[in-house]
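**Student:** My structure is in my_file.csv, and what it holds is CSV, C-alpha atoms and all ligand atoms:
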```
chain,number,residue,atom,x,y,z
A,202,MET,CA,-85.8,50.6,-74.0
A,203,GLU,CA,-84.6,53.7,-75.8
A,204,LEU,CA,-87.4,53.8,-78.4
A,205,VAL,CA,-90.1,53.6,-75.7
A,206,GLN,CA,-88.5,56.5,-73.9
A,207,LYS,CA,-88.3,58.5,-77.1
A,208,LEU,CA,-92.0,57.8,-77.9
A,209,ILE,CA,-93.1,58.8,-74.4
A,210,GLU,CA,-91.1,62.0,-74.5
A,211,THR,CA,-91.7,63.2,-78.0
A,212,HIS,CA,-95.0,61.5,-78.9
A,213,ASP,CA,-93.5,60.5,-82.2
A,214,LEU,CA,-91.0,58.2,-83.9
A,215,THR,CA,-89.7,57.8,-87.5
A,216,LYS,CA,-91.1,55.1,-89.7
A,217,ASP,CA,-88.0,53.0,-89.1
A,218,GLU,CA,-88.2,53.5,-85.4
A,219,PHE,CA,-91.9,52.5,-85.3
A,220,ALA,CA,-91.0,49.3,-87.3
A,221,GLU,CA,-88.2,48.5,-84.8
A,222,LEU,CA,-90.6,49.1,-81.9
A,223,ILE,CA,-93.2,46.8,-83.4
A,224,ARG,CA,-90.7,44.1,-84.0
A,225,ALA,CA,-89.8,44.3,-80.3
A,226,SER,CA,-93.5,44.3,-79.2
A,227,GLU,CA,-93.1,40.9,-77.6
A,228,ASP,CA,-90.1,41.9,-75.4
A,229,PRO,CA,-91.2,41.4,-71.8
A,230,GLY,CA,-91.8,44.8,-70.2
A,231,THR,CA,-92.2,46.9,-73.3
A,232,ALA,CA,-96.0,46.5,-73.6
A,233,GLY,CA,-96.4,47.1,-69.9
A,234,LEU,CA,-94.4,50.3,-70.0
A,235,LEU,CA,-96.3,51.6,-73.0
A,236,GLY,CA,-99.7,50.6,-71.4
A,237,GLU,CA,-98.9,52.4,-68.2
A,238,GLU,CA,-98.0,55.6,-70.1
A,239,ALA,CA,-101.1,55.2,-72.3
A,240,VAL,CA,-103.4,54.9,-69.3
A,241,LYS,CA,-101.8,57.9,-67.6
A,242,LEU,CA,-102.5,60.0,-70.7
A,243,ARG,CA,-106.0,58.7,-71.1
A,244,LYS,CA,-106.7,59.6,-67.4
A,245,GLN,CA,-105.1,63.0,-67.8
A,246,TYR,CA,-107.5,64.0,-70.6
A,247,TYR,CA,-110.6,61.9,-69.9
A,248,GLY,CA,-110.4,60.8,-66.3
A,249,ASP,CA,-112.1,57.5,-65.7
A,250,LYS,CA,-114.7,58.1,-68.5
A,251,VAL,CA,-115.4,55.7,-71.2
A,252,PHE,CA,-117.7,57.0,-73.9
A,253,THR,CA,-120.4,55.0,-75.5
A,254,ARG,CA,-121.5,55.1,-79.2
A,255,GLY,CA,-124.7,53.5,-80.2
A,256,LEU,CA,-123.9,51.6,-83.4
A,257,ILE,CA,-126.8,51.2,-85.9
A,258,GLU,CA,-125.8,48.9,-88.7
A,259,PHE,CA,-128.5,50.1,-91.1
A,260,THR,CA,-127.6,48.3,-94.4
A,261,ASN,CA,-125.4,45.4,-95.3
A,262,TYR,CA,-125.7,46.0,-99.0
A,263,CYS,CA,-122.3,47.0,-100.4
A,264,LYS,CA,-121.0,47.8,-103.9
A,265,ASN,CA,-117.4,47.3,-102.8
A,266,ASN,CA,-115.5,44.1,-102.8
A,267,CYS,CA,-112.8,44.4,-100.1
A,268,TYR,CA,-111.3,41.0,-100.0
A,269,TYR,CA,-111.4,40.6,-96.2
A,270,CYS,CA,-115.0,41.6,-95.6
A,271,GLY,CA,-118.0,39.3,-95.2
A,272,ILE,CA,-120.5,41.8,-96.6
A,273,ARG,CA,-118.5,42.5,-99.8
A,274,ALA,CA,-120.7,42.7,-103.0
A,275,GLY,CA,-119.3,39.4,-104.3
A,276,ASN,CA,-120.5,37.3,-101.4
A,277,LYS,CA,-123.6,35.7,-102.7
A,278,ASN,CA,-124.2,34.0,-99.4
A,279,ALA,CA,-124.6,37.2,-97.4
A,280,ASP,CA,-128.3,37.6,-96.4
A,281,ARG,CA,-128.9,41.3,-97.3
A,282,TYR,CA,-131.1,43.7,-95.4
A,283,ARG,CA,-131.8,47.4,-95.1
A,284,LEU,CA,-133.4,49.1,-92.2
A,285,THR,CA,-136.1,51.6,-93.0
A,286,LYS,CA,-136.0,55.1,-91.8
A,287,GLU,CA,-138.6,54.2,-89.2
A,288,GLU,CA,-136.6,51.3,-87.9
A,289,ILE,CA,-133.5,53.4,-87.7
A,290,LEU,CA,-135.4,56.1,-85.7
A,291,GLU,CA,-136.7,53.3,-83.4
A,292,CYS,CA,-133.1,52.3,-82.7
A,293,CYS,CA,-132.3,55.9,-81.9
A,294,SER,CA,-135.3,56.2,-79.6
A,295,GLN,CA,-134.3,53.1,-77.7
A,296,GLY,CA,-130.7,54.2,-77.6
A,297,TYR,CA,-131.6,57.6,-76.3
A,298,ALA,CA,-133.7,56.1,-73.5
A,299,LEU,CA,-130.7,53.9,-72.6
A,300,GLY,CA,-128.5,57.0,-72.3
A,301,TYR,CA,-126.7,57.1,-75.7
A,302,ARG,CA,-125.8,60.5,-76.9
A,303,THR,CA,-123.9,59.5,-80.1
A,304,PHE,CA,-125.5,57.5,-82.9
A,305,VAL,CA,-123.2,55.9,-85.4
A,306,LEU,CA,-125.0,55.1,-88.7
A,307,GLN,CA,-122.8,52.4,-90.2
A,308,GLY,CA,-123.4,50.5,-93.5
A,309,GLY,CA,-121.9,49.1,-96.6
A,310,GLU,CA,-121.6,51.4,-99.6
A,311,ASP,CA,-125.3,51.0,-100.6
A,312,PRO,CA,-126.5,53.1,-103.6
A,313,TRP,CA,-130.1,52.6,-102.5
A,314,TYR,CA,-129.4,55.0,-99.7
A,315,THR,CA,-128.9,58.0,-101.9
A,316,ASP,CA,-127.2,61.2,-100.6
A,317,GLU,CA,-130.7,62.8,-100.2
A,318,LYS,CA,-131.9,59.8,-98.1
A,319,ILE,CA,-128.8,59.9,-95.9
A,320,ALA,CA,-129.1,63.7,-95.4
A,321,ASP,CA,-132.8,63.3,-94.6
A,322,LEU,CA,-131.9,60.7,-92.0
A,323,VAL,CA,-129.3,62.9,-90.4
A,324,ARG,CA,-131.6,65.9,-90.4
A,325,THR,CA,-134.4,63.9,-88.8
A,326,ILE,CA,-132.1,62.4,-86.1
A,327,LYS,CA,-130.5,65.8,-85.3
A,328,SER,CA,-133.8,67.6,-85.0
A,329,GLY,CA,-135.2,64.8,-82.8
A,330,TYR,CA,-132.1,64.6,-80.6
A,331,PRO,CA,-130.3,67.9,-80.8
A,332,ASP,CA,-128.1,67.0,-77.8
A,333,CYS,CA,-126.7,64.0,-79.7
A,334,ALA,CA,-123.8,63.6,-82.1
A,335,VAL,CA,-124.4,61.8,-85.4
A,336,THR,CA,-121.5,59.8,-86.8
A,337,LEU,CA,-121.6,58.4,-90.3
A,338,SER,CA,-119.6,55.4,-91.4
A,339,ILE,CA,-120.8,54.7,-95.0
A,340,GLY,CA,-117.6,54.7,-97.0
A,341,GLU,CA,-116.1,56.7,-99.8
A,342,LYS,CA,-118.2,59.5,-101.3
A,343,PRO,CA,-117.5,62.6,-103.4
A,344,TYR,CA,-116.7,65.9,-101.6
A,345,GLU,CA,-120.1,67.3,-102.4
A,346,SER,CA,-121.9,64.3,-100.7
A,347,TYR,CA,-119.8,64.7,-97.6
A,348,ARG,CA,-120.7,68.4,-97.7
A,349,LEU,CA,-124.4,67.7,-98.0
A,350,PHE,CA,-124.3,65.3,-95.0
A,351,ARG,CA,-122.3,67.9,-93.0
A,352,GLU,CA,-124.8,70.6,-93.8
A,353,ALA,CA,-127.6,68.2,-92.7
A,354,GLY,CA,-125.9,68.1,-89.3
A,355,ALA,CA,-123.5,65.1,-89.3
A,356,ASP,CA,-120.8,65.7,-86.7
A,357,ARG,CA,-118.3,62.8,-87.2
A,358,TYR,CA,-117.2,60.3,-89.9
A,359,LEU,CA,-115.5,57.0,-89.6
A,360,LEU,CA,-113.5,55.8,-92.5
A,361,ARG,CA,-110.7,53.4,-91.8
A,362,HIS,CA,-107.8,53.8,-94.2
A,363,GLU,CA,-107.2,50.0,-93.7
A,364,THR,CA,-103.4,50.2,-94.6
A,365,ALA,CA,-101.3,53.2,-95.5
A,366,ASN,CA,-99.1,51.2,-97.8
A,367,GLU,CA,-100.1,51.4,-101.4
A,368,GLU,CA,-98.9,47.9,-102.4
A,369,HIS,CA,-100.5,46.3,-99.3
A,370,TYR,CA,-103.8,48.2,-100.0
A,371,GLY,CA,-103.8,46.7,-103.5
A,372,MET,CA,-103.5,43.2,-102.0
A,373,LEU,CA,-106.6,43.7,-99.7
A,374,HIS,CA,-108.8,45.5,-102.3
A,375,PRO,CA,-109.8,45.1,-105.9
A,376,ALA,CA,-108.2,47.3,-108.5
A,377,SER,CA,-111.3,49.6,-108.5
A,378,MET,CA,-110.3,50.9,-105.1
A,379,SER,CA,-107.2,52.9,-104.2
A,380,LEU,CA,-105.4,54.2,-101.2
A,381,LYS,CA,-105.2,57.6,-102.9
A,382,VAL,CA,-108.9,58.0,-103.0
A,383,ARG,CA,-109.3,56.7,-99.5
A,384,LYS,CA,-106.8,59.3,-98.2
A,385,GLN,CA,-108.4,62.1,-100.2
A,386,CYS,CA,-111.8,61.2,-98.6
A,387,LEU,CA,-110.2,61.5,-95.2
A,388,TYR,CA,-108.7,64.9,-96.0
A,389,ASP,CA,-112.0,66.1,-97.5
A,390,LEU,CA,-113.8,65.1,-94.3
A,391,LYS,CA,-111.3,67.0,-92.2
A,392,GLU,CA,-111.7,70.1,-94.4
A,393,LEU,CA,-115.4,70.0,-94.0
A,394,GLY,CA,-115.1,70.1,-90.2
A,395,TYR,CA,-116.0,66.6,-89.4
A,396,GLN,CA,-114.4,64.9,-86.4
A,397,VAL,CA,-112.7,62.2,-88.4
A,398,GLY,CA,-111.9,58.6,-87.5
A,399,ALA,CA,-109.3,56.6,-89.5
A,400,GLY,CA,-107.8,53.2,-88.6
A,401,PHE,CA,-106.7,49.8,-89.7
A,402,MET,CA,-106.8,46.1,-89.1
A,403,VAL,CA,-104.1,44.4,-87.1
A,404,GLY,CA,-102.7,41.3,-88.7
A,405,SER,CA,-104.4,41.6,-92.0
A,406,PRO,CA,-102.9,39.2,-94.6
A,407,TRP,CA,-99.3,40.1,-95.6
A,408,GLN,CA,-99.1,43.0,-93.1
A,409,THR,CA,-95.5,43.6,-91.9
A,410,PRO,CA,-94.1,45.7,-89.1
A,411,GLU,CA,-93.1,48.2,-91.8
A,412,HIS,CA,-96.7,48.5,-93.0
A,413,ILE,CA,-97.9,49.2,-89.4
A,414,ALA,CA,-95.1,51.8,-89.1
A,415,GLU,CA,-96.6,53.5,-92.2
A,416,ASP,CA,-100.0,53.4,-90.6
A,417,LEU,CA,-98.7,55.2,-87.5
A,418,VAL,CA,-96.8,57.8,-89.6
A,419,PHE,CA,-100.0,58.4,-91.6
A,420,LEU,CA,-102.1,58.7,-88.4
A,421,LYS,CA,-99.6,61.3,-87.0
A,422,GLU,CA,-99.9,63.3,-90.2
A,423,LEU,CA,-103.7,63.1,-90.5
A,424,GLN,CA,-104.3,63.9,-86.9
A,425,PRO,CA,-107.7,62.3,-86.7
A,426,GLN,CA,-109.9,62.7,-83.7
A,427,MET,CA,-110.7,59.0,-83.6
A,428,VAL,CA,-108.7,55.9,-84.5
A,429,GLY,CA,-110.3,52.5,-84.9
A,430,ILE,CA,-108.1,49.4,-84.8
A,431,GLY,CA,-109.0,45.8,-84.3
A,432,PRO,CA,-107.6,42.4,-85.1
A,433,PHE,CA,-108.2,41.0,-88.6
A,434,ILE,CA,-110.6,38.1,-88.3
A,435,PRO,CA,-111.1,35.7,-91.2
A,436,HIS,CA,-114.6,35.4,-92.7
A,437,HIS,CA,-115.5,32.0,-94.1
A,438,ASP,CA,-116.9,33.4,-97.4
A,439,THR,CA,-113.8,35.3,-98.4
A,440,ARG,CA,-110.5,34.4,-100.0
A,441,PHE,CA,-108.9,35.0,-96.6
A,442,ALA,CA,-111.0,32.3,-94.9
A,443,GLU,CA,-107.9,30.2,-94.0
A,444,GLU,CA,-105.7,33.1,-93.0
A,445,PRO,CA,-104.7,33.4,-89.3
A,446,ALA,CA,-106.4,36.1,-87.3
A,447,GLY,CA,-104.5,39.2,-86.0
A,448,SER,CA,-102.9,39.1,-82.6
A,449,VAL,CA,-104.6,40.4,-79.5
A,450,PRO,CA,-101.4,41.4,-77.7
A,451,LEU,CA,-100.1,43.3,-80.8
A,452,THR,CA,-103.5,45.1,-81.0
A,453,LEU,CA,-103.2,46.1,-77.4
A,454,PHE,CA,-99.6,47.2,-77.9
A,455,LEU,CA,-100.7,49.4,-80.8
A,456,LEU,CA,-103.6,50.9,-78.9
A,457,SER,CA,-101.0,52.1,-76.3
A,458,VAL,CA,-98.7,53.4,-79.0
A,459,ILE,CA,-101.6,55.3,-80.6
A,460,ARG,CA,-102.7,56.8,-77.3
A,461,ILE,CA,-99.2,58.1,-76.8
A,462,LEU,CA,-98.9,59.3,-80.4
A,463,LEU,CA,-102.2,61.1,-80.3
A,464,PRO,CA,-102.9,61.6,-76.6
A,465,LYS,CA,-106.3,63.2,-76.9
A,466,VAL,CA,-107.6,60.7,-79.5
A,467,LEU,CA,-110.9,58.8,-79.1
A,468,LEU,CA,-109.9,55.2,-79.2
A,469,PRO,CA,-112.5,52.4,-79.2
A,470,ALA,CA,-112.0,49.0,-77.6
A,471,THR,CA,-113.5,47.3,-80.6
A,472,THR,CA,-116.0,44.5,-81.1
A,473,ALA,CA,-113.3,42.6,-83.1
A,474,LEU,CA,-111.0,42.8,-80.1
A,475,GLY,CA,-113.8,41.4,-77.9
A,476,THR,CA,-114.4,38.7,-80.4
A,477,MET,CA,-110.8,37.4,-80.4
A,478,ASP,CA,-110.6,37.5,-76.6
A,479,PRO,CA,-113.5,37.3,-74.1
A,480,LEU,CA,-111.8,40.1,-72.1
A,481,GLY,CA,-110.4,41.9,-75.2
A,482,ARG,CA,-112.4,45.1,-74.6
A,483,GLU,CA,-111.4,45.3,-70.9
A,484,LYS,CA,-107.7,44.8,-72.0
A,485,GLY,CA,-108.2,47.4,-74.6
A,486,LEU,CA,-109.3,50.0,-72.0
A,487,LEU,CA,-106.3,49.0,-69.9
A,488,ALA,CA,-104.1,49.6,-72.9
A,489,GLY,CA,-105.4,53.2,-73.4
A,490,ALA,CA,-108.7,52.9,-75.2
A,491,ASN,CA,-111.6,55.1,-74.0
A,492,VAL,CA,-114.6,54.3,-76.2
A,493,VAL,CA,-117.0,51.4,-76.6
A,494,MET,CA,-119.5,50.9,-79.4
A,495,PRO,CA,-122.3,48.7,-78.4
A,496,ASN,CA,-124.8,47.6,-81.0
A,497,LEU,CA,-128.2,49.3,-81.2
A,498,SER,CA,-129.3,47.4,-84.3
A,499,PRO,CA,-132.4,45.2,-84.1
A,500,VAL,CA,-131.6,41.7,-83.0
A,501,ARG,CA,-133.1,40.2,-86.1
A,502,THR,CA,-130.5,41.9,-88.4
A,503,ARG,CA,-127.4,41.7,-86.1
A,504,LYS,CA,-126.1,38.3,-87.3
A,505,LYS,CA,-126.4,39.5,-90.9
A,506,TYR,CA,-123.9,42.3,-90.4
A,507,GLU,CA,-121.2,39.8,-90.5
A,508,LEU,CA,-117.9,41.4,-91.4
A,509,TYR,CA,-116.0,38.5,-89.9
A,510,ASP,CA,-116.8,35.2,-88.2
A,511,ASN,CA,-118.0,34.7,-84.7
A,512,LYS,CA,-118.8,38.3,-84.1
A,513,ILE,CA,-120.0,38.9,-80.5
A,514,CYS,CA,-123.1,40.5,-79.2
A,515,THR,CA,-125.2,39.4,-82.2
A,516,GLY,CA,-127.9,37.8,-80.0
A,517,GLU,CA,-128.2,40.5,-77.4
A,518,GLU,CA,-130.8,43.2,-77.0
A,519,SER,CA,-129.4,46.7,-76.9
A,520,ALA,CA,-130.1,47.0,-73.2
A,521,GLN,CA,-128.3,43.8,-72.5
A,522,CYS,CA,-125.2,45.0,-74.3
A,523,LEU,CA,-125.2,48.2,-72.3
A,524,GLY,CA,-125.6,46.4,-69.0
A,525,CYS,CA,-122.9,44.0,-69.9
A,526,LEU,CA,-120.5,46.8,-71.0
A,527,GLU,CA,-121.3,48.8,-67.9
A,528,ARG,CA,-120.0,45.9,-65.7
A,529,ARG,CA,-117.0,45.3,-67.9
A,530,VAL,CA,-116.0,49.0,-67.9
A,531,LYS,CA,-116.4,49.1,-64.1
A,532,SER,CA,-114.2,46.0,-63.7
A,533,VAL,CA,-111.2,47.9,-65.0
A,534,GLY,CA,-111.9,51.0,-62.8
A,535,CYS,CA,-113.7,53.1,-65.4
A,536,VAL,CA,-117.2,54.5,-65.7
A,537,LEU,CA,-119.5,54.5,-68.7
A,538,ALA,CA,-120.2,58.2,-69.5
A,539,LYS,CA,-123.6,58.9,-70.9
A,540,GLU,CA,-122.7,62.0,-72.9
A,541,ARG,CA,-121.7,63.0,-76.4
A,542,GLY,CA,-118.1,62.4,-75.7
A,543,ASP,CA,-116.4,64.8,-78.1
A,544,ALA,CA,-112.6,64.7,-78.2
A,545,VAL,CA,-111.0,67.2,-75.8
A,546,GLN,CA,-109.4,70.2,-77.6
B,601,LIG,N1,-111.8,41.4,-89.7
B,601,LIG,C1,-111.7,42.5,-88.9
B,601,LIG,N2,-112.2,43.7,-89.3
B,601,LIG,C2,-112.8,43.8,-90.4
B,601,LIG,N3,-113.4,44.8,-91.0
B,601,LIG,C3,-113.9,44.4,-92.2
B,601,LIG,N4,-113.7,43.1,-92.4
B,601,LIG,C4,-113.0,42.7,-91.3
B,601,LIG,C5,-112.5,41.4,-90.9
B,601,LIG,N5,-112.6,40.3,-91.6
B,601,LIG,C6,-113.3,46.2,-90.5
B,601,LIG,C7,-112.7,47.1,-91.5
B,601,LIG,C8,-113.8,48.1,-91.8
B,601,LIG,C9,-114.6,48.0,-90.5
B,601,LIG,C10,-116.0,48.5,-90.6
B,601,LIG,O1,-114.5,46.7,-90.2
B,601,LIG,O2,-111.5,47.7,-91.0
B,601,LIG,O3,-113.3,49.4,-92.0
B,602,LIG,FE1,-123.0,43.2,-76.1
B,602,LIG,FE2,-121.6,42.4,-73.9
B,602,LIG,S1,-121.4,44.2,-75.0
B,602,LIG,S2,-123.3,41.5,-74.7
```
If you took the structure in this file and wrote it as structure tokens, what would it be?
**Tutor:**
Amino acid sequence: MELVQKLIETHDLTKDEFAELIRASEDPGTAGLLGEEAVKLRKQYYGDKVFTRGLIEFTNYCKNNCYYCGIRAGNKNADRYRLTKEEILECCSQGYALGYRTFVLQGGEDPWYTDEKIADLVRTIKSGYPDCAVTLSIGEKPYESYRLFREAGADRYLLRHETANEEHYGMLHPASMSLKVRKQCLYDLKELGYQVGAGFMVGSPWQTPEHIAEDLVFLKELQPQMVGIGPFIPHHDTRFAEEPAGSVPLTLFLLSVIRILLPKVLLPATTALGTMDPLGREKGLLAGANVVMPNLSPVRTRKKYELYDNKICTGEESAQCLGCLERRVKSVGCVLAKERGDAVQ
């Protein structure tokens, strides 16, 4: 197919071409071709290595109300928790012993965790584990807050843009949120020297091939070091409870497209992908992904960080997840790399 060739040769397409490619994603052969090229590029830059990130879900309080999310402020049924500094440091200590060299502090937008508290956490982790990267994933903040965290030593920041189409953004979020602000945050983070991760859900309500095409154009423009994508999965306590989940084959197809678009990108095979398909993460690696993000959160809080229904790994100890992933990664000819795993330059 001509578009596949063009994408492979130029690492880019126009918005209309992306949309056409996505509409043809079910053509036999297309996904295979893209997958092969994606794995070739992944191997060229990263060999057989798959990087691990220890995910610490440290608060499920959130002041936002994203319509798709199980821990949105309006969900009165969510059982809220916050980990203490000591509990977070205990997760890091366990994680370090298991070989993790990146800690991802992920949480809802929780005002109890003031900028000073976050900066203090980052400083403490960085001084205890100077050979580790600290990634924050705590939502939209003013430039000055991002600067404070950066000065405290934060290396990376994950903030999915969710959808690059203004109108679609408005259908997934309350009027208090805007795509403009989201994008500004991403550019602020880049300017501050963070390694930045953007991304979106595949198959979110009302998403069209044109929307996804806009996501891809935006990613090419932003040039993030990381891109997180996973299928949308309905959560029973949201207005999207009855909506269909996103497609695994389309997610895999898009992982390959993103690997080709941004060959050196760090691309996780996400938990959402593993939730929709028992072999989803393995398939993700075979489509061009090169990162896995096992959970380091205490078992007693795991079920409570419920962004969507049926989330996997919520009953496992950290060590069990790591062992499980080690086997899974091996099964597709890769090795789990116990290192920081920065993007290649
Ligand atoms: N299904 C899939 N992914 C979701 N996220 C939030 N809610 C859902 C859902 N219902 C994703 C968002 C967010 C990330 C932390 O989790 O993309 O950025
Ligand atoms: Fe958690 Fe498999 S990765 S149990």
**Student:** For A:Trp313, find every residue with an atom within 10 Å (counting all atoms listed in the file), except residues of its own chain fewer than 6 positions away, and show them as an MDAnalysis selection string.
**Tutor:** chainID A and resid 260 262:263 283 319
**Student:** Within 10 Å of stretch 362-369 of chain A, counting only C-alpha atoms, which residues qualify if same-chain residues fewer than 6 places away don't, as a short mmCIF file (atom, residue, chain, number, x, y, z; two decimals) with C-alpha atoms, in the frame of the given file?
**Tutor:**
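Output (part-v1.cif):
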```
data_model
loop_
_atom_site.label_atom_id
_atom_site.label_comp_id
_atom_site.auth_asym_id
_atom_site.auth_seq_id
_atom_site.Cartn_x
_atom_site.Cartn_y
_atom_site.Cartn_z
CA SER A 379 -107.20 52.90 -104.20
CA LEU A 380 -105.40 54.20 -101.20
CA LYS A 381 -105.20 57.60 -102.90
CA VAL A 382 -108.90 58.00 -103.00
CA ARG A 383 -109.30 56.70 -99.50
CA LYS A 384 -106.80 59.30 -98.20
CA CYS A 386 -111.80 61.20 -98.60
CA LEU A 387 -110.20 61.50 -95.20
CA GLY A 398 -111.90 58.60 -87.50
CA ALA A 399 -109.30 56.60 -89.50
CA GLY A 400 -107.80 53.20 -88.60
CA PHE A 401 -106.70 49.80 -89.70
CA MET A 402 -106.80 46.10 -89.10
CA VAL A 403 -104.10 44.40 -87.10
CA SER A 405 -104.40 41.60 -92.00
CA PRO A 406 -102.90 39.20 -94.60
CA TRP A 407 -99.30 40.10 -95.60
CA GLN A 408 -99.10 43.00 -93.10
CA THR A 409 -95.50 43.60 -91.90
CA GLU A 411 -93.10 48.20 -91.80
CA HIS A 412 -96.70 48.50 -93.00
CA ILE A 413 -97.90 49.20 -89.40
CA ALA A 414 -95.10 51.80 -89.10
CA GLU A 415 -96.60 53.50 -92.20
CA ASP A 416 -100.00 53.40 -90.60
CA LEU A 417 -98.70 55.20 -87.50
CA VAL A 418 -96.80 57.80 -89.60
CA PHE A 419 -100.00 58.40 -91.60
CA LEU A 420 -102.10 58.70 -88.40
CA VAL A 428 -108.70 55.90 -84.50
CA GLY A 429 -110.30 52.50 -84.90
CA ILE A 430 -108.10 49.40 -84.80
#
```
**Student:** List as a PyMOL selection string the protein and nucleic acid residues lying within 8 Å of ligand LIG 601 (chain B), with only C-alpha atoms and all ligand atoms counted.
**Tutor:** chain A and resi 267+269-271+307+338+360-363+400-402+405+429-436+446+473+508-510
**Student:** Go ahead and write the selection's residues with C-alpha atoms as a PDB file, keeping the file's coordinate frame.
**Tutor:**
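out.pdb was written with the following content:
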```pdb
ATOM      1  CA  CYS A 267    -112.800  44.400-100.100  1.00  0.00           C
ATOM      2  CA  TYR A 269    -111.400  40.600 -96.200  1.00  0.00           C
ATOM      3  CA  CYS A 270    -115.000  41.600 -95.600  1.00  0.00           C
ATOM      4  CA  GLY A 271    -118.000  39.300 -95.200  1.00  0.00           C
ATOM      5  CA  GLN A 307    -122.800  52.400 -90.200  1.00  0.00           C
ATOM      6  CA  SER A 338    -119.600  55.400 -91.400  1.00  0.00           C
ATOM      7  CA  LEU A 360    -113.500  55.800 -92.500  1.00  0.00           C
ATOM      8  CA  ARG A 361    -110.700  53.400 -91.800  1.00  0.00           C
ATOM      9  CA  HIS A 362    -107.800  53.800 -94.200  1.00  0.00           C
ATOM     10  CA  GLU A 363    -107.200  50.000 -93.700  1.00  0.00           C
ATOM     11  CA  GLY A 400    -107.800  53.200 -88.600  1.00  0.00           C
ATOM     12  CA  PHE A 401    -106.700  49.800 -89.700  1.00  0.00           C
ATOM     13  CA  MET A 402    -106.800  46.100 -89.100  1.00  0.00           C
ATOM     14  CA  SER A 405    -104.400  41.600 -92.000  1.00  0.00           C
ATOM     15  CA  GLY A 429    -110.300  52.500 -84.900  1.00  0.00           C
ATOM     16  CA  ILE A 430    -108.100  49.400 -84.800  1.00  0.00           C
ATOM     17  CA  GLY A 431    -109.000  45.800 -84.300  1.00  0.00           C
ATOM     18  CA  PRO A 432    -107.600  42.400 -85.100  1.00  0.00           C
ATOM     19  CA  PHE A 433    -108.200  41.000 -88.600  1.00  0.00           C
ATOM     20  CA  ILE A 434    -110.600  38.100 -88.300  1.00  0.00           C
ATOM     21  CA  PRO A 435    -111.100  35.700 -91.200  1.00  0.00           C
ATOM     22  CA  HIS A 436    -114.600  35.400 -92.700  1.00  0.00           C
ATOM     23  CA  ALA A 446    -106.400  36.100 -87.300  1.00  0.00           C
ATOM     24  CA  ALA A 473    -113.300  42.600 -83.100  1.00  0.00           C
ATOM     25  CA  LEU A 508    -117.900  41.400 -91.400  1.00  0.00           C
ATOM     26  CA  TYR A 509    -116.000  38.500 -89.900  1.00  0.00           C
ATOM     27  CA  ASP A 510    -116.800  35.200 -88.200  1.00  0.00           C
TER      28      ASP A 510
END
```
**Student:** Could you please determine the separation between atom CA of A:Glu287 and atom CA of A:Arg348 in Å, to one decimal place?
**Tutor:** 24.4 Å
**Student:** Can you tell me how far atom CA of A:Cys514 sits from atom CA of A:Leu497, in Å to one decimal?
**Tutor:** 10.4 Å
**Student:** Within 6 Å of ligand LIG 602 (chain B) (counting all atoms listed in the file), which residues show up? I'd like them as a PDB file with C-alpha atoms, in the frame of the given file.
**Tutor:**
```pdb
ATOM      1  CA  PRO A 495    -122.300  48.700 -78.400  1.00  0.00           C
ATOM      2  CA  CYS A 514    -123.100  40.500 -79.200  1.00  0.00           C
ATOM      3  CA  GLU A 517    -128.200  40.500 -77.400  1.00  0.00           C
ATOM      4  CA  GLN A 521    -128.300  43.800 -72.500  1.00  0.00           C
ATOM      5  CA  CYS A 522    -125.200  45.000 -74.300  1.00  0.00           C
ATOM      6  CA  CYS A 525    -122.900  44.000 -69.900  1.00  0.00           C
ATOM      7  CA  LEU A 526    -120.500  46.800 -71.000  1.00  0.00           C
TER       8      LEU A 526
END
```
**Student:** Looking at A:Gln295, A:Thr285, A:Thr515, A:Thr336, which one is nearest to A:Lys318, with distances taken over all atoms listed in the file?
**Tutor:**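 Among A:Gln295, A:Thr285, A:Thr515, A:Thr336, it is A:Thr285 that comes nearest to A:Lys318.
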**Student:** Pick out the closest residue to A:Ala520 from this set: A:Pro445, A:Gly309, A:Gln546, A:Tyr301. Count only C-alpha atoms.
**Tutor:**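 Checking each of A:Pro445, A:Gly309, A:Gln546, A:Tyr301 against A:Ala520, counting only C-alpha atoms, the winner is A:Tyr301.
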**Student:** Between atom CA of A:Gly489 and atom CA of A:Leu242, what is the spacing in Å?
**Tutor:** 7.9 Å
**Student:** So, with all atoms listed in the file as the atoms that count, which of A:Met494, A:Lys505, A:Lys207, A:Tyr347 lies closest to A:Leu284?
**Tutor:**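 Nearest candidate to A:Leu284 out of A:Met494, A:Lys505, A:Lys207, A:Tyr347: A:Lys505.
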**Student:** So for stretch 532-545 of chain A, what box centre and size do we get, axis-aligned, 8 Å extra on each of the six sides, every listed atom, Å to one decimal, as AutoDock Vina command-line options?
**Tutor:**
```
--center_x -117.3 --center_y 56.6 --center_z -70.5 --size_x 28.6 --size_y 37.2 --size_z 31.4
```
**Student:** Between A:Glu527, A:Asp438, A:Glu392, A:Asp249, single out the one closest to A:Val493, counting all atoms listed in the file.
**Tutor:**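 Going through A:Glu527, A:Asp438, A:Glu392, A:Asp249 one by one, the smallest distance to A:Val493 is for A:Glu527.
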**Student:** Between A:Arg273, A:Lys286, A:Lys327, A:Lys244, which is the closest to A:Glu310 once you count all atoms listed in the file?
**Tutor:**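 Nearest to A:Glu310: A:Arg273.
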**Student:** Measuring between only C-alpha atoms, which one of A:Leu393, A:Asp311, A:Arg351, A:Lys484 shows the shortest distance to A:Arg281?
**Tutor:**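 Ranked by minimum distance to A:Arg281, first place goes to A:Asp311.
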**Student:** Given the point (-107.5, 50.5, -78.6) in the file's coordinates, find the residues that have an atom at most 8 Å from it, counting all atoms listed in the file, and give them as an NGL selection string.
**Tutor:** :A and (429-431 or 452-453 or 455-457 or 459 or 468-471 or 485-486 or 488-491)
